[in-house]
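Shown here: upload32.pdb, PDB, C-alpha atoms.
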ATOM      1  CA  MET A  29     -14.760 -14.953 -31.526
ATOM      2  CA  ILE A  30     -13.942 -18.000 -29.388
ATOM      3  CA  CYS A  31     -15.861 -18.891 -26.235
ATOM      4  CA  ILE A  32     -13.583 -19.487 -23.243
ATOM      5  CA  TYR A  33     -15.617 -22.569 -22.237
ATOM      6  CA  CYS A  34     -16.663 -24.543 -25.321
ATOM      7  CA  LEU A  35     -13.778 -23.123 -27.449
ATOM      8  CA  GLU A  36     -16.134 -22.881 -30.432
ATOM      9  CA  ASP A  37     -15.359 -20.138 -32.952
ATOM     10  CA  ARG A  38     -18.646 -18.273 -33.326
ATOM     11  CA  GLY A  39     -19.883 -15.004 -34.761
ATOM     12  CA  GLN A  40     -20.614 -11.935 -32.654
ATOM     13  CA  SER A  41     -24.340 -12.693 -32.776
ATOM     14  CA  SER A  42     -23.672 -15.685 -30.493
ATOM     15  CA  PHE A  43     -22.260 -13.438 -27.746
ATOM     16  CA  THR A  44     -25.240 -11.280 -26.802
ATOM     17  CA  LYS A  45     -25.556 -12.318 -23.141
ATOM     18  CA  VAL A  46     -23.540 -11.052 -20.193
ATOM     19  CA  GLU A  47     -21.793 -13.574 -17.943
ATOM     20  CA  HIS A  48     -21.624 -12.517 -14.270
ATOM     21  CA  VAL A  49     -18.571 -13.449 -12.221
ATOM     22  CA  VAL A  50     -20.804 -13.994  -9.172
ATOM     23  CA  PRO A  51     -24.224 -15.375 -10.183
ATOM     24  CA  GLN A  52     -26.983 -12.792  -9.936
ATOM     25  CA  SER A  53     -28.875 -15.049  -7.535
ATOM     26  CA  PHE A  54     -26.185 -14.226  -4.954
ATOM     27  CA  GLY A  55     -26.607 -10.465  -5.199
ATOM     28  CA  GLY A  56     -26.488  -7.455  -7.478
ATOM     29  CA  PHE A  57     -23.528  -5.079  -7.225
ATOM     30  CA  GLU A  58     -22.599  -1.598  -8.361
ATOM     31  CA  ASN A  59     -19.839  -1.725 -10.973
ATOM     32  CA  ASN A  60     -20.428  -5.459 -11.193
ATOM     33  CA  LEU A  61     -17.757  -7.775 -12.578
ATOM     34  CA  THR A  62     -19.194  -9.117 -15.835
ATOM     35  CA  LEU A  63     -17.776 -10.745 -18.938
ATOM     36  CA  HIS A  64     -18.775  -9.329 -22.339
ATOM     37  CA  GLU A  65     -18.278 -11.203 -25.614
ATOM     38  CA  THR A  66     -16.325 -13.858 -23.728
ATOM     39  CA  VAL A  67     -18.845 -16.633 -22.969
ATOM     40  CA  CYS A  68     -21.147 -17.675 -25.814
ATOM     41  CA  ASP A  69     -24.920 -17.605 -25.354
ATOM     42  CA  GLY A  70     -25.148 -21.395 -25.485
ATOM     43  CA  CYS A  71     -22.714 -21.871 -22.600
ATOM     44  CA  ASN A  72     -24.302 -19.010 -20.675
ATOM     45  CA  GLN A  73     -27.720 -20.645 -21.013
ATOM     46  CA  TYR A  74     -26.378 -24.055 -20.021
ATOM     47  CA  PHE A  75     -24.751 -22.665 -16.888
ATOM     48  CA  GLY A  76     -27.916 -20.875 -15.828
ATOM     49  CA  ASP A  77     -30.164 -23.889 -16.375
ATOM     50  CA  ASN A  78     -27.889 -26.485 -14.788
ATOM     51  CA  LEU A  79     -25.060 -25.215 -12.582
ATOM     52  CA  GLU A  80     -26.314 -21.925 -11.182
ATOM     53  CA  ILE A  81     -29.799 -23.181 -10.393
ATOM     54  CA  ALA A  82     -28.265 -25.984  -8.325
ATOM     55  CA  LEU A  83     -25.875 -23.604  -6.568
ATOM     56  CA  GLY A  84     -28.679 -21.201  -5.673
ATOM     57  CA  ARG A  85     -31.446 -23.637  -4.735
ATOM     58  CA  ASP A  86     -29.666 -26.716  -3.464
ATOM     59  CA  THR A  87     -26.738 -25.681  -1.276
ATOM     60  CA  TYR A  88     -26.300 -24.390   2.239
ATOM     61  CA  GLU A  89     -24.918 -21.176   0.761
ATOM     62  CA  GLY A  90     -28.052 -20.825  -1.340
ATOM     63  CA  GLY A  91     -30.149 -21.137   1.804
ATOM     64  CA  LEU A  92     -28.161 -18.322   3.419
ATOM     65  CA  ARG A  93     -29.706 -15.927   0.892
ATOM     66  CA  PHE A  94     -32.962 -16.220   2.879
ATOM     67  CA  GLN A  95     -31.290 -16.104   6.272
ATOM     68  CA  TYR A  96     -29.492 -12.864   5.406
ATOM     69  CA  GLY A  97     -32.495 -11.277   3.706
ATOM     70  CA  LEU A  98     -31.290 -11.251   0.098
ATOM     71  CA  LYS A  99     -34.353 -13.304  -0.787
ATOM     72  CA  SER A 100     -37.794 -13.238   0.788
ATOM     73  CA  PRO A 101     -39.269 -16.560   1.990
ATOM     74  CA  GLY A 102     -41.923 -16.244  -0.708
ATOM     75  CA  GLU A 103     -39.215 -16.621  -3.378
ATOM     76  CA  PHE A 104     -38.104 -19.990  -2.025
ATOM     77  CA  LYS A 105     -37.893 -22.850  -4.500
ATOM     78  CA  SER A 106     -36.438 -26.280  -3.839
ATOM     79  CA  LEU A 107     -35.541 -29.295  -5.941
ATOM     80  CA  GLY A 108     -37.866 -31.280  -3.676
ATOM     81  CA  LYS A 109     -37.148 -34.972  -3.228
ATOM     82  CA  LYS A 110     -34.185 -34.690  -5.579
ATOM     83  CA  SER A 111     -32.515 -32.163  -3.300
ATOM     84  CA  ARG A 112     -28.917 -32.539  -2.152
ATOM     85  CA  LEU A 113     -29.997 -31.108   1.209
ATOM     86  CA  LEU A 114     -31.615 -33.389   3.769
ATOM     87  CA  VAL A 115     -33.151 -32.246   7.020
ATOM     88  CA  ARG A 116     -32.969 -34.287  10.214
ATOM     89  CA  VAL A 117     -35.194 -33.650  13.220
ATOM     90  CA  GLU A 118     -33.057 -32.966  16.298
ATOM     91  CA  GLU A 119     -35.640 -33.185  19.071
ATOM     92  CA  GLY A 120     -38.990 -34.644  20.051
ATOM     93  CA  GLU A 121     -40.636 -37.951  19.235
ATOM     94  CA  PHE A 122     -39.227 -38.073  15.710
ATOM     95  CA  LYS A 123     -35.636 -37.181  16.575
ATOM     96  CA  GLY A 124     -33.345 -38.456  13.837
ATOM     97  CA  ALA A 125     -36.044 -38.711  11.150
ATOM     98  CA  TYR A 126     -35.325 -37.408   7.655
ATOM     99  CA  ALA A 127     -37.262 -34.742   5.773
ATOM    100  CA  TYR A 128     -36.827 -32.547   2.733
ATOM    101  CA  ARG A 129     -37.803 -28.982   1.956
ATOM    102  CA  ASP A 130     -40.960 -28.829  -0.127
ATOM    103  CA  ARG A 131     -40.652 -27.169  -3.523
ATOM    104  CA  GLU A 132     -42.646 -24.075  -2.668
ATOM    105  CA  TYR A 133     -43.124 -21.612   0.158
ATOM    106  CA  SER A 134     -46.477 -21.975   1.920
ATOM    107  CA  GLU A 135     -48.320 -18.653   1.989
ATOM    108  CA  ASN A 136     -50.933 -20.095   4.372
ATOM    109  CA  GLN A 137     -48.385 -21.360   6.884
ATOM    110  CA  ARG A 138     -45.934 -18.534   6.071
ATOM    111  CA  GLU A 139     -42.978 -20.908   6.213
ATOM    112  CA  ILE A 140     -40.912 -23.304   4.167
ATOM    113  CA  VAL A 141     -42.667 -26.648   4.492
ATOM    114  CA  LEU A 142     -40.797 -29.817   5.438
ATOM    115  CA  LYS A 143     -42.043 -33.198   4.239
ATOM    116  CA  PRO A 144     -40.856 -36.647   5.348
ATOM    117  CA  ILE A 145     -38.776 -38.859   3.071
ATOM    118  CA  SER A 146     -39.510 -42.574   2.687
ATOM    119  CA  GLN A 147     -37.741 -44.154   5.644
ATOM    120  CA  VAL A 148     -37.925 -46.758   8.382
ATOM    121  CA  GLY A 149     -37.208 -46.298  12.077
ATOM    122  CA  PHE A 150     -35.873 -49.259  14.049
ATOM    123  CA  ARG A 151     -36.320 -49.110  17.827
ATOM    124  CA  ARG A 152     -33.327 -49.851  20.048
ATOM    125  CA  THR A 153     -34.060 -52.161  22.949
ATOM    126  CA  GLU A 154     -31.957 -50.352  25.565
ATOM    127  CA  ASN A 155     -33.537 -46.897  25.297
ATOM    128  CA  SER A 156     -36.580 -47.249  22.981
ATOM    129  CA  ALA A 157     -35.124 -44.595  20.663
ATOM    130  CA  TYR A 158     -35.486 -45.073  16.907
ATOM    131  CA  ASP A 159     -32.628 -45.191  14.423
ATOM    132  CA  TYR A 160     -33.900 -43.940  11.065
ATOM    133  CA  TYR A 161     -32.681 -45.106   7.676
ATOM    134  CA  LEU A 162     -33.608 -43.892   4.224
ATOM    135  CA  LEU A 163     -35.249 -46.681   2.285
ATOM    136  CA  ASP A 164     -32.218 -47.244   0.042
ATOM    137  CA  ASP A 165     -29.827 -47.302   3.027
ATOM    138  CA  VAL A 166     -31.476 -49.883   5.304
ATOM    139  CA  PRO A 167     -28.832 -52.452   6.381
ATOM    140  CA  ALA A 168     -29.384 -56.205   6.125
ATOM    141  CA  LYS A 169     -31.581 -57.725   8.819
ATOM    142  CA  GLN A 170     -28.535 -59.445  10.304
ATOM    143  CA  TYR A 171     -27.180 -56.050  11.358
ATOM    144  CA  PHE A 172     -30.181 -55.415  13.613
ATOM    145  CA  ASP A 173     -30.096 -58.913  15.038
ATOM    146  CA  GLN A 174     -26.502 -58.333  16.142
ATOM    147  CA  ASN A 175     -26.762 -54.745  17.412
ATOM    148  CA  GLY A 176     -29.395 -54.485  20.124
ATOM    149  CA  PHE A 177     -32.664 -54.465  18.184
ATOM    150  CA  GLU A 178     -35.602 -56.806  18.810
ATOM    151  CA  LEU A 179     -37.663 -56.509  15.669
ATOM    152  CA  ASN A 180     -40.288 -59.023  16.793
ATOM    153  CA  GLN A 181     -41.584 -56.668  19.473
ATOM    154  CA  PRO A 182     -44.675 -54.446  18.982
ATOM    155  CA  GLY A 183     -43.756 -51.083  17.510
ATOM    156  CA  SER A 184     -40.169 -52.122  16.821
ATOM    157  CA  MET A 185     -40.335 -50.695  13.284
ATOM    158  CA  ARG A 186     -41.794 -47.353  12.280
ATOM    159  CA  ILE A 187     -42.676 -46.618   8.650
ATOM    160  CA  ILE A 188     -42.671 -42.989   7.482
ATOM    161  CA  PRO A 189     -44.693 -41.742   5.660
ATOM    162  CA  SER A 190     -47.696 -44.017   6.017
ATOM    163  CA  THR A 191     -48.903 -43.187   2.512
ATOM    164  CA  TYR A 192     -45.965 -45.215   1.135
ATOM    165  CA  ARG A 193     -46.510 -48.170   3.468
ATOM    166  CA  GLU A 194     -47.006 -50.789   0.742
ATOM    167  CA  LEU A 195     -43.969 -49.623  -1.225
ATOM    168  CA  ILE A 196     -41.772 -49.624   1.879
ATOM    169  CA  GLU A 197     -43.072 -53.014   3.034
ATOM    170  CA  ARG A 198     -42.293 -54.541  -0.339
ATOM    171  CA  ALA A 199     -38.765 -53.120  -0.386
ATOM    172  CA  LEU A 200     -38.016 -54.352   3.130
ATOM    173  CA  SER A 201     -39.518 -57.779   2.502
ATOM    174  CA  GLU A 202     -36.851 -58.277  -0.136
ATOM    175  CA  LYS A 203     -34.261 -57.751   2.617
ATOM    176  CA  GLY A 204     -35.803 -60.345   4.921
ATOM    177  CA  PHE A 205     -37.905 -58.170   7.237
ATOM    178  CA  ALA A 206     -41.304 -59.376   8.477
ATOM    179  CA  PHE A 207     -44.164 -57.006   9.267
ATOM    180  CA  LYS A 208     -46.018 -58.501  12.163
ATOM    181  CA  SER A 209     -45.077 -55.739  14.524
ATOM    182  CA  HIS A 210     -44.463 -52.572  12.533
ATOM    183  CA  LYS A 211     -46.512 -49.413  12.810
ATOM    184  CA  ASP A 212     -47.044 -46.397  10.618
ATOM    185  CA  ALA A 213     -46.154 -42.960  11.851
ATOM    186  CA  ASP A 214     -46.281 -39.461  10.476
ATOM    187  CA  PRO A 215     -45.041 -36.271  12.089
ATOM    188  CA  ASP A 216     -47.964 -34.216  13.347
ATOM    189  CA  HIS A 217     -48.035 -30.867  11.554
ATOM    190  CA  SER A 218     -49.779 -29.347  14.569
ATOM    191  CA  GLU A 219     -46.604 -29.826  16.596
ATOM    192  CA  PRO A 220     -44.555 -26.707  17.396
ATOM    193  CA  ASP A 221     -41.490 -26.024  15.247
ATOM    194  CA  TRP A 222     -38.716 -28.540  15.825
ATOM    195  CA  LEU A 223     -35.010 -27.915  15.841
ATOM    196  CA  CYS A 224     -33.589 -29.396  12.638
ATOM    197  CA  LYS A 225     -30.145 -30.045  11.181
ATOM    198  CA  PHE A 226     -29.211 -29.871   7.509
ATOM    199  CA  GLU A 227     -27.067 -32.513   5.848
ATOM    200  CA  GLY A 228     -25.850 -31.639   2.372
ATOM    201  CA  THR A 229     -24.003 -33.275  -0.501
ATOM    202  CA  ILE A 230     -21.465 -31.215  -2.420
ATOM    203  CA  ASP A 231     -21.409 -33.103  -5.708
ATOM    204  CA  ASP A 232     -19.713 -32.398  -9.027
ATOM    205  CA  THR A 233     -22.504 -30.101 -10.205
ATOM    206  CA  ILE A 234     -21.972 -27.808  -7.215
ATOM    207  CA  LEU A 235     -18.191 -27.990  -7.584
ATOM    208  CA  ARG A 236     -18.463 -27.091 -11.274
ATOM    209  CA  ALA A 237     -20.623 -24.070 -10.407
ATOM    210  CA  VAL A 238     -18.130 -22.822  -7.816
ATOM    211  CA  THR A 239     -15.173 -23.488 -10.119
ATOM    212  CA  LYS A 240     -16.877 -21.379 -12.788
ATOM    213  CA  VAL A 241     -16.941 -18.431 -10.380
ATOM    214  CA  GLY A 242     -13.165 -18.639  -9.976
ATOM    215  CA  PHE A 243     -12.617 -19.146 -13.711
ATOM    216  CA  ASN A 244     -14.807 -16.145 -14.523
ATOM    217  CA  TYR A 245     -12.963 -14.026 -11.981
ATOM    218  CA  LEU A 246      -9.572 -14.714 -13.546
ATOM    219  CA  SER A 247     -11.079 -14.141 -17.003
ATOM    220  CA  TYR A 248     -12.353 -10.722 -15.964
ATOM    221  CA  TRP A 249      -8.887  -9.532 -14.995
ATOM    222  CA  GLN A 250      -6.727 -11.310 -17.553
ATOM    223  CA  GLY A 251      -8.934 -11.357 -20.641
ATOM    224  CA  ARG A 252     -10.067 -13.907 -23.185
ATOM    225  CA  GLU A 253      -6.722 -14.573 -24.910
ATOM    226  CA  PHE A 254      -5.013 -15.517 -21.648
ATOM    227  CA  MET A 255      -7.852 -17.902 -20.727
ATOM    228  CA  LEU A 256      -7.624 -19.689 -24.091
ATOM    229  CA  GLU A 257      -4.223 -21.113 -23.089
ATOM    230  CA  GLY A 258      -4.277 -24.897 -23.292
ATOM    231  CA  ASP A 259      -3.211 -25.266 -19.657
ATOM    232  CA  PHE A 260      -6.736 -24.201 -18.653
ATOM    233  CA  ASP A 261      -8.351 -26.991 -20.707
ATOM    234  CA  PRO A 262      -8.776 -29.546 -17.868
ATOM    235  CA  THR A 263     -10.611 -26.986 -15.734
ATOM    236  CA  ARG A 264     -12.770 -25.638 -18.562
ATOM    237  CA  ARG A 265     -13.785 -29.217 -19.537
ATOM    238  CA  PHE A 266     -14.779 -29.926 -15.963
ATOM    239  CA  ILE A 267     -16.906 -26.759 -15.786
ATOM    240  CA  ARG A 268     -18.601 -27.139 -19.174
ATOM    241  CA  TYR A 269     -18.838 -30.916 -19.574
ATOM    242  CA  GLY A 270     -18.211 -32.428 -16.129
ATOM    243  CA  VAL A 271     -15.052 -34.232 -17.243
ATOM    244  CA  LYS A 272     -12.744 -34.610 -14.236
ATOM    245  CA  PRO A 273      -8.995 -34.129 -14.658
ATOM    246  CA  GLN A 274      -6.529 -36.780 -13.506
ATOM    247  CA  TYR A 275      -5.400 -34.634 -10.548
ATOM    248  CA  PRO A 276      -7.320 -33.139  -7.598
ATOM    249  CA  LEU A 277      -8.987 -29.953  -8.796
ATOM    250  CA  ILE A 278     -10.706 -28.622  -5.663
ATOM    251  CA  LYS A 279     -10.068 -28.678  -1.940
ATOM    252  CA  ILE A 280     -12.773 -27.644   0.515
ATOM    253  CA  ARG A 281     -11.770 -26.270   3.890
ATOM    254  CA  GLN A 282     -13.321 -24.415   6.801
ATOM    255  CA  GLU A 283     -10.498 -21.903   7.283
ATOM    256  CA  PRO A 284     -11.445 -18.378   6.194
ATOM    257  CA  ILE A 285      -9.770 -16.546   3.329
ATOM    258  CA  LEU A 286      -9.236 -13.381   5.353
ATOM    259  CA  GLY A 287      -6.395 -13.587   7.825
ATOM    260  CA  ASP A 288      -8.158 -11.706  10.625
ATOM    261  CA  GLU A 289     -11.236 -13.942  10.813
ATOM    262  CA  PRO A 290     -11.824 -17.010  13.007
ATOM    263  CA  VAL A 291     -12.254 -20.604  11.852
ATOM    264  CA  GLU A 292     -15.370 -20.733  14.034
ATOM    265  CA  GLY A 293     -17.468 -17.728  14.926
ATOM    266  CA  LYS A 294     -18.764 -14.580  13.294
ATOM    267  CA  ARG A 295     -17.230 -13.463  10.008
ATOM    268  CA  ARG A 296     -17.948 -10.651   7.570
ATOM    269  CA  SER A 297     -21.134 -11.294   5.627
ATOM    270  CA  GLY A 298     -20.364 -11.425   1.943
ATOM    271  CA  HIS A 299     -18.568 -13.320  -0.813
ATOM    272  CA  LEU A 300     -14.805 -13.573  -1.278
ATOM    273  CA  ILE A 301     -12.816 -14.430  -4.391
ATOM    274  CA  THR A 302      -9.044 -14.420  -4.838
ATOM    275  CA  VAL A 303      -6.626 -15.652  -7.489
ATOM    276  CA  ASP A 304      -2.853 -16.025  -7.398
ATOM    277  CA  TRP A 305       0.024 -18.294  -8.254
ATOM    278  CA  ALA A 306       0.276 -21.305  -5.963
ATOM    279  CA  ALA A 307       3.171 -21.648  -3.557
ATOM    280  CA  ASP A 308       5.062 -23.648  -6.184
ATOM    281  CA  LYS A 309       4.792 -20.632  -8.555
ATOM    282  CA  ARG A 310       3.689 -22.971 -11.340
ATOM    283  CA  SER A 311      -0.057 -23.406 -10.831
ATOM    284  CA  VAL A 312      -2.882 -20.865 -10.904
ATOM    285  CA  VAL A 313      -5.187 -21.123  -7.884
ATOM    286  CA  ALA A 314      -8.465 -19.373  -7.079
ATOM    287  CA  GLN A 315     -10.304 -19.250  -3.769
ATOM    288  CA  VAL A 316     -14.089 -18.835  -3.628
ATOM    289  CA  SER A 317     -16.182 -18.452  -0.477
ATOM    290  CA  LEU A 318     -19.886 -17.657  -0.826
ATOM    291  CA  PHE A 319     -21.232 -15.847   2.221
ATOM    292  CA  ASN A 320     -17.763 -16.367   3.727
ATOM    293  CA  TRP A 321     -18.688 -19.903   4.788
ATOM    294  CA  LEU A 322     -16.708 -22.773   3.229
ATOM    295  CA  THR A 323     -13.558 -21.985   1.261
ATOM    296  CA  TYR A 324     -13.155 -23.708  -2.104
ATOM    297  CA  SER A 325      -9.521 -23.744  -3.269
ATOM    298  CA  ILE A 326      -9.497 -24.383  -7.012
ATOM    299  CA  CYS A 327      -6.596 -25.289  -9.271
ATOM    300  CA  LEU A 328      -7.430 -23.347 -12.430
ATOM    301  CA  ALA A 329      -4.262 -24.414 -14.258
ATOM    302  CA  ARG A 330      -1.596 -26.906 -13.227
ATOM    303  CA  ASP A 331       2.052 -26.428 -14.270
ATOM    304  CA  PHE A 332       1.147 -23.362 -16.325
ATOM    305  CA  SER A 333       3.447 -22.940 -19.335
ATOM    306  CA  GLY A 334       1.996 -19.751 -20.811
ATOM    307  CA  GLU A 335       2.853 -16.119 -20.259
ATOM    308  CA  ARG A 336       4.056 -15.354 -16.750
ATOM    309  CA  ARG A 337       2.302 -12.277 -15.477
ATOM    310  CA  ILE A 338       1.156 -10.774 -12.197
ATOM    311  CA  ILE A 339      -2.307 -12.210 -11.561
ATOM    312  CA  ARG A 340      -2.746 -11.665  -7.816
ATOM    313  CA  LYS A 341      -6.215 -10.261  -7.086
ATOM    314  CA  GLY A 342      -8.811 -10.456  -4.353
ATOM    315  CA  HIS A 343     -12.237  -8.881  -3.758
ATOM    316  CA  PHE A 344     -14.971  -8.864  -1.158
ATOM    317  CA  PHE A 345     -18.519  -8.752  -2.568
ATOM    318  CA  ASP A 346     -20.843  -7.020  -0.094
ATOM    319  CA  PRO A 347     -24.384  -7.974  -1.197
ATOM    320  CA  TYR A 348     -26.080  -5.750   1.401
ATOM    321  CA  ASN A 349     -24.466  -2.482   0.345
ATOM    322  CA  GLN A 350     -24.009  -3.762  -3.226
ATOM    323  CA  GLN A 351     -20.335  -2.876  -3.105
ATOM    324  CA  ILE A 352     -17.270  -4.728  -4.386
ATOM    325  CA  LEU A 353     -14.173  -3.987  -2.323
ATOM    326  CA  GLU A 354     -10.606  -4.844  -3.283
ATOM    327  CA  LEU A 355      -8.649  -6.811  -0.723
ATOM    328  CA  GLY A 356      -5.313  -5.614   0.584
ATOM    329  CA  VAL A 357      -2.260  -7.694   1.417
ATOM    330  CA  LYS A 358      -1.348  -8.043   5.064
ATOM    331  CA  PRO A 359       2.213  -6.829   5.595
ATOM    332  CA  ASN A 360       4.760  -9.341   6.907
TER     333      ASN A 360
END
In structure tokens, what does this structure look like?
Amino acid sequence: MICIYCLEDRGQSSFTKVEHVVPQSFGGFENNLTLHETVCDGCNQYFGDNLEIALGRDTYEGGLRFQYGLKSPGEFKSLGKKSRLLVRVEEGEFKGAYAYRDREYSENQREIVLKPISQVGFRRTENSAYDYYLLDDVPAKQYFDQNGFELNQPGSMRIIPSTYRELIERALSEKGFAFKSHKDADPDHSEPDWLCKFEGTIDDTILRAVTKVGFNYLSYWQGREFMLEGDFDPTRRFIRYGVKPQYPLIKIRQEPILGDEPVEGKRRSGHLITVDWAADKRSVVAQVSLFNWLTYSICLARDFSGERRIIRKGHFFDPYNQQILELGVKPN
């Protein structure tokens, strides 16, 4: 028995776990699409511990699980300071400041707690507003001298959080900043809730997790032997080992998969996966959209030389009614 990801020839005892096409953290479904004796236990464990945990806890789509009620706030877990998701305050005294979601849900406050990241605010002379920079992203002092900042004025620099003052001072001293006029500042937790904006990074770990969803989907319909074709090797190496192919593998776009839905505005709430031949009829392409938000177009195989067969499929995964619905083709 050969695993479709690591390509190792293993005994049946190494294929005891079920691989879900859509990770269980994104919903349970009746008649779920699962792979049996296709992905070895070692790969299954690796995906759960590395790719799926990042997809569920550290993406905007993962956060939508709480917004749409698939997860209760008490189940929230974050990667903390290592998170790919940053929060920026959009109003009030600390507008523009950075924060991160704390690792745990606060039962006392009954909310997901935000904590400030090490940063420095530099006050603009013309409007007294602060421009905030993460500690690693602070420009050279010359930038501020040339762009409307007077750093020798009282309160011209704001250090957040104050508990890291010495560390931040030392880092900025190396860049030529003096500290005669800085002040510490910390957001007051007694303040009412502020409007915040999320900024996220979609890195290779997230892209590998999404690509695996498309790869699993094609595997479910076409079977193990088809997926062992060598033309799938670049994609399987990217998923399992993070090795990028020499050609673009994934495109991310805002346009919806379904033809009757808007680019902006309300869409159906659920996950979408499709697979088909590309327009050139040579490459195999999957589309994945979790919670029908961003669309990931994935080249599963480029210039496919194996068996030509009908592979066109598409399904809508409704996590609220736990149904999986097959998509139809819009007539010309």
Quick one: residues within 9 Å of Asp165 of chain A, all atoms listed in the file counted, chain neighbours fewer than 3 positions away excluded, as a PyMOL selection string?
chain A and resi 147+161-162
Best match for closeness to Ile230 of chain A among A:Lys341, A:Thr153, A:Gln315, A:Ile280, counting all atoms listed in the file:
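For Ile230 of chain A, the nearest of the candidates is A:Ile280.
Minimum distance to Ile338 of chain A across A:Gln52, A:Asn180, A:Gln250, A:Gln274 (counting only C-alpha atoms) occurs at A:Gln250.
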For each of A:Ser311, A:Thr66, A:Asn320, A:Ser201, take the minimum atom-to-atom distance to Glu292 of chain A, counting all atoms listed in the file, then give the residue where this is smallest.
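Answer, going by the shortest atom-to-atom distance: A:Asn320.
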Here's the selection I'm unsure about, the PyMOL selection byres ((chain A and resi 244) around 9); applied to the file above, which residues does it give, as number ranges by chain?
A: 47-50, 62-63, 239-243, 245-249
Would you write out those residues with C-alpha atoms, as a PDB file, in the frame of the given file?
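Heads up, here's the output in out.pdb:
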ATOM      1  CA  GLU A  47     -21.793 -13.574 -17.943  1.00  0.00           C
ATOM      2  CA  HIS A  48     -21.624 -12.517 -14.270  1.00  0.00           C
ATOM      3  CA  VAL A  49     -18.571 -13.449 -12.221  1.00  0.00           C
ATOM      4  CA  VAL A  50     -20.804 -13.994  -9.172  1.00  0.00           C
ATOM      5  CA  THR A  62     -19.194  -9.117 -15.835  1.00  0.00           C
ATOM      6  CA  LEU A  63     -17.776 -10.745 -18.938  1.00  0.00           C
ATOM      7  CA  THR A 239     -15.173 -23.488 -10.119  1.00  0.00           C
ATOM      8  CA  LYS A 240     -16.877 -21.379 -12.788  1.00  0.00           C
ATOM      9  CA  VAL A 241     -16.941 -18.431 -10.380  1.00  0.00           C
ATOM     10  CA  GLY A 242     -13.165 -18.639  -9.976  1.00  0.00           C
ATOM     11  CA  PHE A 243     -12.617 -19.146 -13.711  1.00  0.00           C
ATOM     12  CA  TYR A 245     -12.963 -14.026 -11.981  1.00  0.00           C
ATOM     13  CA  LEU A 246      -9.572 -14.714 -13.546  1.00  0.00           C
ATOM     14  CA  SER A 247     -11.079 -14.141 -17.003  1.00  0.00           C
ATOM     15  CA  TYR A 248     -12.353 -10.722 -15.964  1.00  0.00           C
ATOM     16  CA  TRP A 249      -8.887  -9.532 -14.995  1.00  0.00           C
TER      17      TRP A 249
END
Residue rebuild result segment 241-252 of chain A, N, CA and C atoms as a PDB file, in the coordinates of the input:
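Resulting contents of result13.pdb:
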ATOM      1  N   VAL A 241     -17.093 -19.761 -10.985  1.00  0.00           N
ATOM      2  CA  VAL A 241     -16.941 -18.431 -10.380  1.00  0.00           C
ATOM      3  C   VAL A 241     -15.467 -18.023 -10.394  1.00  0.00           C
ATOM      4  N   GLY A 242     -14.593 -18.948  -9.964  1.00  0.00           N
ATOM      5  CA  GLY A 242     -13.165 -18.639  -9.976  1.00  0.00           C
ATOM      6  C   GLY A 242     -12.613 -18.442 -11.376  1.00  0.00           C
ATOM      7  N   PHE A 243     -13.062 -19.256 -12.321  1.00  0.00           N
ATOM      8  CA  PHE A 243     -12.617 -19.146 -13.711  1.00  0.00           C
ATOM      9  C   PHE A 243     -13.063 -17.815 -14.306  1.00  0.00           C
ATOM     10  N   ASN A 244     -14.306 -17.431 -14.042  1.00  0.00           N
ATOM     11  CA  ASN A 244     -14.807 -16.145 -14.523  1.00  0.00           C
ATOM     12  C   ASN A 244     -14.017 -14.974 -13.941  1.00  0.00           C
ATOM     13  N   TYR A 245     -13.683 -15.109 -12.659  1.00  0.00           N
ATOM     14  CA  TYR A 245     -12.963 -14.026 -11.981  1.00  0.00           C
ATOM     15  C   TYR A 245     -11.602 -13.791 -12.632  1.00  0.00           C
ATOM     16  N   LEU A 246     -10.868 -14.869 -12.878  1.00  0.00           N
ATOM     17  CA  LEU A 246      -9.572 -14.714 -13.546  1.00  0.00           C
ATOM     18  C   LEU A 246      -9.762 -14.179 -14.956  1.00  0.00           C
ATOM     19  N   SER A 247     -10.808 -14.616 -15.642  1.00  0.00           N
ATOM     20  CA  SER A 247     -11.079 -14.141 -17.003  1.00  0.00           C
ATOM     21  C   SER A 247     -11.329 -12.642 -17.027  1.00  0.00           C
ATOM     22  N   TYR A 248     -12.038 -12.154 -16.007  1.00  0.00           N
ATOM     23  CA  TYR A 248     -12.353 -10.722 -15.964  1.00  0.00           C
ATOM     24  C   TYR A 248     -11.078  -9.895 -15.928  1.00  0.00           C
ATOM     25  N   TRP A 249     -10.101 -10.327 -15.171  1.00  0.00           N
ATOM     26  CA  TRP A 249      -8.887  -9.532 -14.995  1.00  0.00           C
ATOM     27  C   TRP A 249      -7.841  -9.787 -16.074  1.00  0.00           C
ATOM     28  N   GLN A 250      -7.806 -10.982 -16.626  1.00  0.00           N
ATOM     29  CA  GLN A 250      -6.727 -11.310 -17.553  1.00  0.00           C
ATOM     30  C   GLN A 250      -7.158 -11.367 -19.012  1.00  0.00           C
ATOM     31  N   GLY A 251      -8.462 -11.418 -19.272  1.00  0.00           N
ATOM     32  CA  GLY A 251      -8.934 -11.357 -20.641  1.00  0.00           C
ATOM     33  C   GLY A 251      -9.037 -12.703 -21.332  1.00  0.00           C
ATOM     34  N   ARG A 252      -9.748 -12.687 -22.461  1.00  0.00           N
ATOM     35  CA  ARG A 252     -10.067 -13.907 -23.185  1.00  0.00           C
ATOM     36  C   ARG A 252      -8.809 -14.638 -23.682  1.00  0.00           C
TER      37      ARG A 252
END
